[in-house]
$ cat query_7.txt   # compact mmCIF, C-alpha atoms and all ligand atoms
# COMPACT_ATOMS: atom_id res chain seq x y z
CA MET A 1 -157.69 -52.06 -72.32
CA LEU A 2 -159.62 -49.74 -69.98
CA PRO A 3 -160.36 -50.88 -66.40
CA ASP A 4 -163.70 -52.73 -66.09
CA LEU A 5 -167.06 -51.02 -66.64
CA GLU A 6 -167.91 -50.86 -62.93
CA PHE A 7 -164.66 -49.08 -62.06
CA CYS A 8 -165.00 -46.65 -64.98
CA CYS A 9 -168.62 -45.90 -63.98
CA SER A 10 -167.49 -45.03 -60.47
CA VAL A 11 -164.79 -42.65 -61.78
CA PHE A 12 -167.32 -40.93 -64.05
CA LYS A 13 -169.83 -40.69 -61.18
CA GLU A 14 -167.25 -39.19 -58.80
CA ASN A 15 -166.79 -36.46 -61.37
CA GLY A 16 -170.51 -35.83 -61.87
CA LEU A 17 -170.64 -37.61 -65.27
CA MET A 18 -172.62 -40.56 -66.64
CA LEU A 19 -171.06 -43.55 -68.38
CA THR A 20 -173.26 -45.76 -70.52
CA GLU A 21 -172.20 -49.18 -71.79
CA GLU A 22 -172.10 -47.79 -75.34
CA LEU A 23 -169.80 -44.91 -74.31
CA TYR A 24 -167.58 -47.34 -72.38
CA ARG A 25 -167.28 -49.55 -75.47
CA LYS A 26 -166.24 -46.61 -77.66
CA LEU A 27 -163.77 -45.21 -75.12
CA ASP A 28 -162.23 -48.68 -74.89
CA ILE A 29 -161.76 -48.78 -78.69
CA TYR A 30 -160.23 -45.27 -78.48
CA ALA A 31 -157.80 -46.22 -75.68
CA GLU A 32 -156.64 -49.36 -77.46
CA PHE A 33 -156.10 -47.64 -80.80
CA LEU A 34 -154.33 -44.69 -79.12
CA VAL A 35 -151.82 -46.92 -77.37
CA GLU A 36 -151.25 -49.12 -80.42
CA TYR A 37 -150.70 -46.15 -82.78
CA ASN A 38 -148.53 -44.43 -80.19
CA ASN A 39 -145.92 -47.20 -80.62
CA ASN A 40 -145.08 -45.77 -84.05
CA VAL A 41 -146.29 -42.16 -83.95
CA ASN A 42 -145.82 -39.94 -80.92
CA LEU A 43 -149.29 -38.98 -79.71
CA THR A 44 -149.24 -39.05 -75.91
CA ALA A 45 -147.04 -39.71 -72.89
CA ILE A 46 -150.06 -41.13 -71.04
CA THR A 47 -150.45 -44.83 -71.84
CA GLU A 48 -151.48 -46.48 -68.57
CA PRO A 49 -155.20 -47.45 -68.74
CA LYS A 50 -156.35 -45.71 -65.52
CA GLU A 51 -154.46 -42.58 -66.51
CA ILE A 52 -155.98 -42.58 -70.00
CA LEU A 53 -159.39 -42.88 -68.36
CA VAL A 54 -158.88 -39.95 -65.98
CA LYS A 55 -156.33 -37.62 -67.59
CA HIS A 56 -157.57 -37.90 -71.16
CA PHE A 57 -161.21 -39.05 -71.19
CA VAL A 58 -162.73 -37.66 -67.97
CA ASP A 59 -160.64 -34.48 -68.22
CA SER A 60 -161.90 -33.87 -71.77
CA ILE A 61 -165.56 -34.63 -71.01
CA LEU A 62 -165.52 -32.34 -67.96
CA LEU A 63 -165.38 -29.43 -70.42
CA CYS A 64 -169.11 -29.79 -71.07
CA LYS A 65 -169.87 -29.96 -67.35
CA GLU A 66 -167.79 -26.89 -66.47
CA ALA A 67 -168.72 -24.79 -69.52
CA GLU A 68 -172.15 -24.35 -71.02
CA ILE A 69 -171.99 -25.76 -74.54
CA PRO A 70 -175.23 -25.13 -76.43
CA GLU A 71 -177.03 -27.97 -78.18
CA ASN A 72 -175.81 -28.58 -81.76
CA ALA A 73 -172.91 -26.16 -81.25
CA SER A 74 -170.14 -26.11 -83.83
CA ILE A 75 -166.84 -26.67 -82.04
CA ILE A 76 -163.27 -26.42 -83.32
CA ASP A 77 -160.49 -28.06 -81.31
CA ILE A 78 -157.23 -26.16 -81.92
CA GLY A 79 -154.07 -28.25 -81.57
CA THR A 80 -156.18 -31.31 -80.87
CA GLY A 81 -153.24 -33.78 -81.00
CA ALA A 82 -154.74 -37.22 -80.41
CA GLY A 83 -158.26 -35.71 -80.17
CA PHE A 84 -158.33 -34.04 -76.75
CA PRO A 85 -160.62 -32.64 -75.55
CA SER A 86 -163.10 -32.76 -78.41
CA VAL A 87 -163.25 -36.44 -79.48
CA PRO A 88 -164.28 -37.78 -76.03
CA LEU A 89 -166.63 -34.79 -75.81
CA LYS A 90 -168.27 -35.73 -79.13
CA LEU A 91 -168.71 -39.30 -77.86
CA TYR A 92 -170.46 -37.87 -74.80
CA ARG A 93 -172.41 -35.20 -76.70
CA ASN A 94 -173.21 -36.52 -80.16
CA ASP A 95 -175.15 -33.32 -81.03
CA LEU A 96 -171.90 -31.34 -81.38
CA LYS A 97 -170.48 -30.52 -84.83
CA LEU A 98 -166.83 -31.25 -84.64
CA THR A 99 -163.80 -29.78 -86.44
CA LEU A 100 -160.33 -31.04 -85.55
CA LEU A 101 -157.30 -28.91 -86.35
CA ASP A 102 -153.63 -29.71 -85.91
CA SER A 103 -150.41 -28.56 -87.56
CA LEU A 104 -149.01 -32.11 -87.67
CA ASN A 105 -150.38 -34.23 -90.48
CA LYS A 106 -149.49 -37.53 -88.82
CA ARG A 107 -151.93 -36.61 -86.02
CA ILE A 108 -154.66 -35.76 -88.54
CA THR A 109 -154.08 -39.14 -90.23
CA PHE A 110 -154.53 -40.84 -86.83
CA LEU A 111 -157.70 -38.84 -86.12
CA LYS A 112 -159.32 -39.76 -89.45
CA GLU A 113 -158.75 -43.45 -88.78
CA LEU A 114 -159.91 -43.07 -85.15
CA CYS A 115 -163.15 -41.26 -86.05
CA GLY A 116 -163.88 -43.95 -88.65
CA ARG A 117 -163.49 -46.65 -86.01
CA LEU A 118 -165.65 -44.72 -83.55
CA GLU A 119 -168.26 -43.97 -86.25
CA ILE A 120 -168.28 -40.26 -85.53
CA GLU A 121 -168.52 -37.44 -88.03
CA ALA A 122 -165.92 -34.70 -88.00
CA ASP A 123 -164.12 -32.26 -90.29
CA PHE A 124 -160.34 -32.43 -90.29
CA ILE A 125 -157.95 -29.56 -90.94
CA HIS A 126 -154.22 -29.93 -91.30
CA GLY A 127 -152.54 -26.56 -90.83
CA ARG A 128 -151.45 -23.88 -88.41
CA ALA A 129 -154.28 -22.15 -86.60
CA GLU A 130 -152.85 -18.71 -87.40
CA ASP A 131 -153.04 -19.49 -91.15
CA ILE A 132 -156.38 -21.28 -91.22
CA SER A 133 -158.29 -18.60 -89.26
CA LYS A 134 -157.46 -16.06 -91.97
CA THR A 135 -159.50 -17.99 -94.55
CA THR A 136 -163.12 -16.90 -95.07
CA GLU A 137 -164.21 -20.53 -94.79
CA TYR A 138 -163.20 -20.74 -91.13
CA ARG A 139 -162.94 -17.18 -89.77
CA GLU A 140 -165.57 -16.39 -87.11
CA LYS A 141 -167.55 -19.51 -88.05
CA PHE A 142 -167.66 -21.51 -84.79
CA ASP A 143 -169.82 -21.35 -81.66
CA ILE A 144 -166.91 -22.68 -79.59
CA ALA A 145 -163.14 -22.88 -80.04
CA CYS A 146 -161.51 -25.11 -77.44
CA ALA A 147 -157.91 -25.99 -76.67
CA ARG A 148 -156.05 -28.04 -74.09
CA ALA A 149 -152.30 -27.91 -73.45
CA VAL A 150 -151.35 -25.96 -76.58
CA ALA A 151 -149.85 -22.58 -75.57
CA ASN A 152 -149.88 -19.83 -72.97
CA MET A 153 -153.06 -17.77 -72.63
CA SER A 154 -151.86 -14.84 -74.74
CA LEU A 155 -150.64 -16.92 -77.70
CA LEU A 156 -153.59 -19.29 -77.43
CA SER A 157 -156.04 -16.39 -77.57
CA GLU A 158 -154.51 -15.24 -80.85
CA LEU A 159 -154.76 -18.79 -82.23
CA CYS A 160 -158.35 -19.42 -81.10
CA ILE A 161 -160.45 -16.22 -80.83
CA PRO A 162 -160.42 -15.43 -84.60
CA PHE A 163 -162.33 -18.70 -85.24
CA VAL A 164 -165.21 -17.78 -82.90
CA LYS A 165 -168.47 -16.08 -83.99
CA VAL A 166 -169.50 -12.98 -82.07
CA GLY A 167 -171.57 -14.33 -79.16
CA GLY A 168 -169.64 -17.62 -79.12
CA ALA A 169 -166.93 -18.69 -76.69
CA PHE A 170 -163.30 -19.73 -76.50
CA THR A 171 -162.56 -22.25 -73.74
CA ALA A 172 -158.98 -22.78 -72.59
CA MET A 173 -158.24 -25.83 -70.44
CA LYS A 174 -155.31 -25.09 -68.16
CA GLY A 175 -153.29 -26.56 -65.33
CA PRO A 176 -153.28 -24.74 -62.02
CA GLY A 177 -149.90 -23.01 -62.40
CA GLU A 178 -150.38 -20.59 -65.29
CA ASP A 179 -150.91 -16.87 -64.69
CA ILE A 180 -153.98 -16.28 -66.85
CA SER A 181 -153.82 -12.51 -66.34
CA LEU A 182 -150.86 -12.47 -68.78
CA GLY A 183 -153.47 -13.15 -71.49
CA TYR A 184 -156.00 -10.49 -70.51
CA ASN A 185 -154.68 -7.89 -72.97
CA ALA A 186 -154.70 -10.39 -75.87
CA VAL A 187 -158.28 -11.41 -75.07
CA ARG A 188 -159.43 -7.78 -75.14
CA VAL A 189 -157.50 -6.84 -78.31
CA LEU A 190 -158.91 -9.87 -80.16
CA GLY A 191 -162.54 -9.00 -79.34
CA GLY A 192 -163.09 -11.18 -76.28
CA GLU A 193 -164.00 -10.72 -72.65
CA ILE A 194 -163.14 -13.10 -69.81
CA GLU A 195 -166.47 -14.51 -68.66
CA GLU A 196 -165.23 -16.92 -66.04
CA GLU A 197 -162.16 -18.61 -64.63
CA ARG A 198 -163.35 -21.85 -63.08
CA GLU A 199 -161.18 -23.92 -60.80
CA TYR A 200 -161.92 -27.56 -60.07
CA THR A 201 -160.05 -30.77 -59.27
CA LEU A 202 -159.60 -34.01 -61.14
CA GLY A 203 -158.20 -36.99 -59.24
CA GLY A 204 -156.86 -34.59 -56.62
CA GLU A 205 -155.08 -32.37 -59.17
CA GLY A 206 -156.03 -28.76 -59.84
CA ARG A 207 -157.57 -27.72 -63.14
CA LYS A 208 -158.56 -24.34 -64.50
CA LEU A 209 -161.00 -23.57 -67.27
CA VAL A 210 -160.98 -20.08 -68.75
CA ILE A 211 -164.15 -19.11 -70.61
CA VAL A 212 -163.83 -16.15 -72.98
CA ARG A 213 -166.91 -14.64 -74.61
CA LYS A 214 -166.47 -13.11 -78.07
CA ILE A 215 -168.06 -9.69 -77.92
CA THR A 216 -166.81 -7.95 -81.08
CA GLN A 217 -165.30 -9.06 -84.38
CA THR A 218 -161.55 -9.65 -84.43
CA SER A 219 -159.60 -7.02 -86.36
CA THR A 220 -158.25 -8.33 -89.67
CA LYS A 221 -154.77 -7.47 -88.31
CA TYR A 222 -155.03 -10.71 -86.27
CA PRO A 223 -153.78 -13.33 -86.06
CA ARG A 224 -150.31 -12.18 -87.02
CA ASN A 225 -147.96 -14.68 -88.66
CA SER A 226 -146.20 -17.16 -86.39
CA SER A 227 -142.82 -15.39 -86.34
CA GLN A 228 -144.47 -12.07 -85.36
CA ILE A 229 -146.54 -13.81 -82.68
CA LYS A 230 -143.41 -15.45 -81.23
CA LYS A 231 -141.44 -12.19 -81.30
CA LYS A 232 -143.95 -10.25 -79.24
CA LEU A 233 -147.03 -11.59 -77.46
CA LEU A 234 -150.08 -9.34 -77.34
N1 LIG B 301 -154.80 -30.87 -77.17
C1 LIG B 301 -154.08 -32.14 -77.10
C2 LIG B 301 -154.06 -32.68 -75.69
O1 LIG B 301 -154.49 -31.98 -74.77
O2 LIG B 301 -153.59 -33.81 -75.50
C3 LIG B 301 -152.67 -32.03 -77.68
C4 LIG B 301 -151.75 -31.13 -76.94
S1 LIG B 301 -150.12 -31.11 -77.65
C5 LIG B 301 -149.16 -30.67 -76.29
C6 LIG B 301 -150.18 -29.63 -78.64
C7 LIG B 301 -150.72 -29.86 -80.04
O3 LIG B 301 -150.91 -28.59 -80.66
C8 LIG B 301 -149.79 -30.63 -80.93
O4 LIG B 301 -150.50 -31.70 -81.53
C9 LIG B 301 -149.30 -29.62 -81.97
O5 LIG B 301 -149.05 -30.21 -83.23
C10 LIG B 301 -150.47 -28.64 -82.00
N2 LIG B 301 -150.14 -27.25 -82.36
C11 LIG B 301 -149.19 -26.46 -81.78
N3 LIG B 301 -149.19 -25.22 -82.34
C12 LIG B 301 -150.18 -25.23 -83.30
C13 LIG B 301 -150.67 -24.25 -84.22
N4 LIG B 301 -150.14 -23.04 -84.28
N5 LIG B 301 -151.68 -24.60 -85.03
C14 LIG B 301 -152.21 -25.86 -84.99
N6 LIG B 301 -151.78 -26.83 -84.14
C15 LIG B 301 -150.78 -26.52 -83.31
$ encode --input "query_7.txt" --output "structure tokens"
Amino acid sequence: MLPDLEFCCSVFKENGLMLTEELYRKLDIYAEFLVEYNNNVNLTAITEPKEILVKHFVDSILLCKEAEIPENASIIDIGTGAGFPSVPLKLYRNDLKLTLLDSLNKRITFLKELCGRLEIEADFIHGRAEDISKTTEYREKFDIACARAVANMSLLSELCIPFVKVGGAFTAMKGPGEDISLGYNAVRVLGGEIEEEREYTLGGEGRKLVIVRKITQTSTKYPRNSSQIKKKLL
């Protein structure tokens, strides 16, 4: 399914990453299962092998090159969809403790089957982030909350920051076009502080990674319920 090992190695190398034969084998299983499952359940618009390699796998794994993710960190991927960015990241960094959250159960069903095939451990949560982060089991329990392509910076902050422990980080993977400053107030109100906005390129396209440090606990007022969030962003 994926292009050959030599080609994939060169793409990883160009992006400052290492590809082992074992990782290549697992990513190949992932790509094949993704495309097969996507025929019946909508998971991704990206189905061409080279694009899966770059826009899903390398893009996801770059998170641990661009952000410092401590060893053995617990990481929750909010709105993970077909597992991006955290499943490729877990294949690259097996020390990470992974939790996958999505509001669509058909995606969680796919992820359970995928992780079984890839022989990786993960916890799975079906639900809306704004409901799940209110539970004591998950509130302020993670070293890292990550998200790619889920919502604008303000809304995403309200969905993600409540999951993060004080001292931990929220990492938002963004395209080049979004005005991140529209989320600055939400970040502050939710107990975070922008640590860095990193810009880099992937296959000639711009990428932005926003790293938010959690500096104080999130007020129990947040997150609000989804209709309140939609009515007025922070
Ligand atoms: N992160 C993946 C990626 O980069 O390919 C999927 C992105 S997809 C555009 C957005 C995902 O977020 C969908 O799978 C959707 O079900 C999920 N989602 C949207 N709002 C959510 C919420 N409030 N709580 C949990 N999941 C949510």
$ closest_residue --input "query_7.txt" --among "A:Asn38, A:Ser103, A:Asn72, A:Thr20" --to "Lys90 (chain A)" --atoms "all atoms listed in the file"
A:Asn72
$ closest_residue --input "query_7.txt" --among "A:Glu130, A:Glu14, A:Glu121, A:Asp95" --to "Ala73 (chain A)" --atoms "only C-alpha atoms"
A:Asp95
$ residues_near_ligand --input "query_7.txt" --ligand "ligand LIG 301 (chain B)" --cutoff "10 Å" --atoms "all atoms listed in the file" --output "PyMOL selection string"
chain A and resi 42-46+55-56+59-60+77-86+100-108+125-133+146-151+155-156+158-160+173-174+225-226
$ atom_distance --input "query_7.txt" --atom1 "CA of Leu89 (chain A)" --atom2 "CA of Ala186 (chain A)"
27.2 Å
$ residues_around --input "query_7.txt" --residues "Cys115 (chain A)" --least-positions-apart "5" --cutoff "12 Å" --atoms "all atoms listed in the file" --output "PyMOL selection string"
chain A and resi 26-27+29-30+33-34+82-83+86-88+90-91+98-100+108-110+120-124
$ residues_around --input "query_7.txt" --residues "Lys50 (chain A)" --least-positions-apart "2" --cutoff "8 Å" --atoms "all atoms listed in the file" --output "list in words"
Leu2, Pro3, Glu48, Ile52, Leu53 and Val54 of chain A
$ atom_distance --input "query_7.txt" --atom1 "CA of Gly175 (chain A)" --atom2 "CA of Leu234 (chain A)"
21.2 Å
$ residues_near_point --input "query_7.txt" --point "(-153.6, -53.5, -72.4)" --cutoff "10 Å" --atoms "only C-alpha atoms" --output "short mmCIF file (atom, residue, chain, number, x, y, z; two decimals) with C-alpha atoms, keeping the file's coordinate frame"
data_model
loop_
_atom_site.label_atom_id
_atom_site.label_comp_id
_atom_site.auth_asym_id
_atom_site.auth_seq_id
_atom_site.Cartn_x
_atom_site.Cartn_y
_atom_site.Cartn_z
CA MET A 1 -157.69 -52.06 -72.32
CA LEU A 2 -159.62 -49.74 -69.98
CA PRO A 3 -160.36 -50.88 -66.40
CA ALA A 31 -157.80 -46.22 -75.68
CA GLU A 32 -156.64 -49.36 -77.46
CA VAL A 35 -151.82 -46.92 -77.37
CA GLU A 36 -151.25 -49.12 -80.42
CA THR A 47 -150.45 -44.83 -71.84
CA GLU A 48 -151.48 -46.48 -68.57
CA PRO A 49 -155.20 -47.45 -68.74
#
$ decode --input "query_7.txt" --residues "region 99-117 of chain A" --atoms "N, CA and C atoms" --output "short mmCIF file (atom, residue, chain, number, x, y, z; two decimals), in the first residue's frame"
data_model
loop_
_atom_site.label_atom_id
_atom_site.label_comp_id
_atom_site.auth_asym_id
_atom_site.auth_seq_id
_atom_site.Cartn_x
_atom_site.Cartn_y
_atom_site.Cartn_z
N THR A 99 -4.63 7.92 25.04
CA THR A 99 -6.10 7.91 25.17
C THR A 99 -6.68 8.58 23.94
N LEU A 100 -7.62 7.88 23.30
CA LEU A 100 -8.21 8.38 22.05
C LEU A 100 -9.66 8.75 22.30
N LEU A 101 -10.02 9.98 21.97
CA LEU A 101 -11.39 10.44 22.23
C LEU A 101 -12.02 10.96 20.95
N ASP A 102 -13.25 10.51 20.68
CA ASP A 102 -13.99 11.08 19.56
C ASP A 102 -15.49 10.98 19.85
N SER A 103 -16.23 11.94 19.31
CA SER A 103 -17.67 11.96 19.55
C SER A 103 -18.42 10.99 18.64
N LEU A 104 -17.74 10.45 17.63
CA LEU A 104 -18.42 9.51 16.72
C LEU A 104 -18.01 8.06 17.01
N ASN A 105 -18.99 7.27 17.40
CA ASN A 105 -18.68 5.90 17.82
C ASN A 105 -18.12 5.04 16.69
N LYS A 106 -18.52 5.32 15.46
CA LYS A 106 -18.00 4.48 14.35
C LYS A 106 -16.49 4.68 14.21
N ARG A 107 -16.00 5.86 14.58
CA ARG A 107 -14.54 6.08 14.53
C ARG A 107 -13.84 5.35 15.68
N ILE A 108 -14.49 5.33 16.84
CA ILE A 108 -13.92 4.59 17.98
C ILE A 108 -13.87 3.09 17.66
N THR A 109 -14.90 2.59 17.01
CA THR A 109 -14.92 1.17 16.63
C THR A 109 -13.75 0.86 15.69
N PHE A 110 -13.52 1.75 14.72
CA PHE A 110 -12.38 1.59 13.80
C PHE A 110 -11.06 1.58 14.59
N LEU A 111 -10.94 2.53 15.53
CA LEU A 111 -9.67 2.68 16.26
C LEU A 111 -9.36 1.46 17.13
N LYS A 112 -10.40 0.87 17.70
CA LYS A 112 -10.18 -0.34 18.53
C LYS A 112 -9.63 -1.47 17.67
N GLU A 113 -10.23 -1.65 16.51
CA GLU A 113 -9.78 -2.71 15.59
C GLU A 113 -8.36 -2.39 15.09
N LEU A 114 -8.12 -1.12 14.77
CA LEU A 114 -6.79 -0.71 14.27
C LEU A 114 -5.71 -0.98 15.33
N CYS A 115 -5.96 -0.53 16.57
CA CYS A 115 -4.94 -0.69 17.61
C CYS A 115 -4.68 -2.17 17.89
N GLY A 116 -5.71 -2.99 17.77
CA GLY A 116 -5.52 -4.45 17.91
C GLY A 116 -4.57 -4.95 16.83
N ARG A 117 -4.81 -4.53 15.60
CA ARG A 117 -3.95 -4.99 14.48
C ARG A 117 -2.52 -4.50 14.64
#
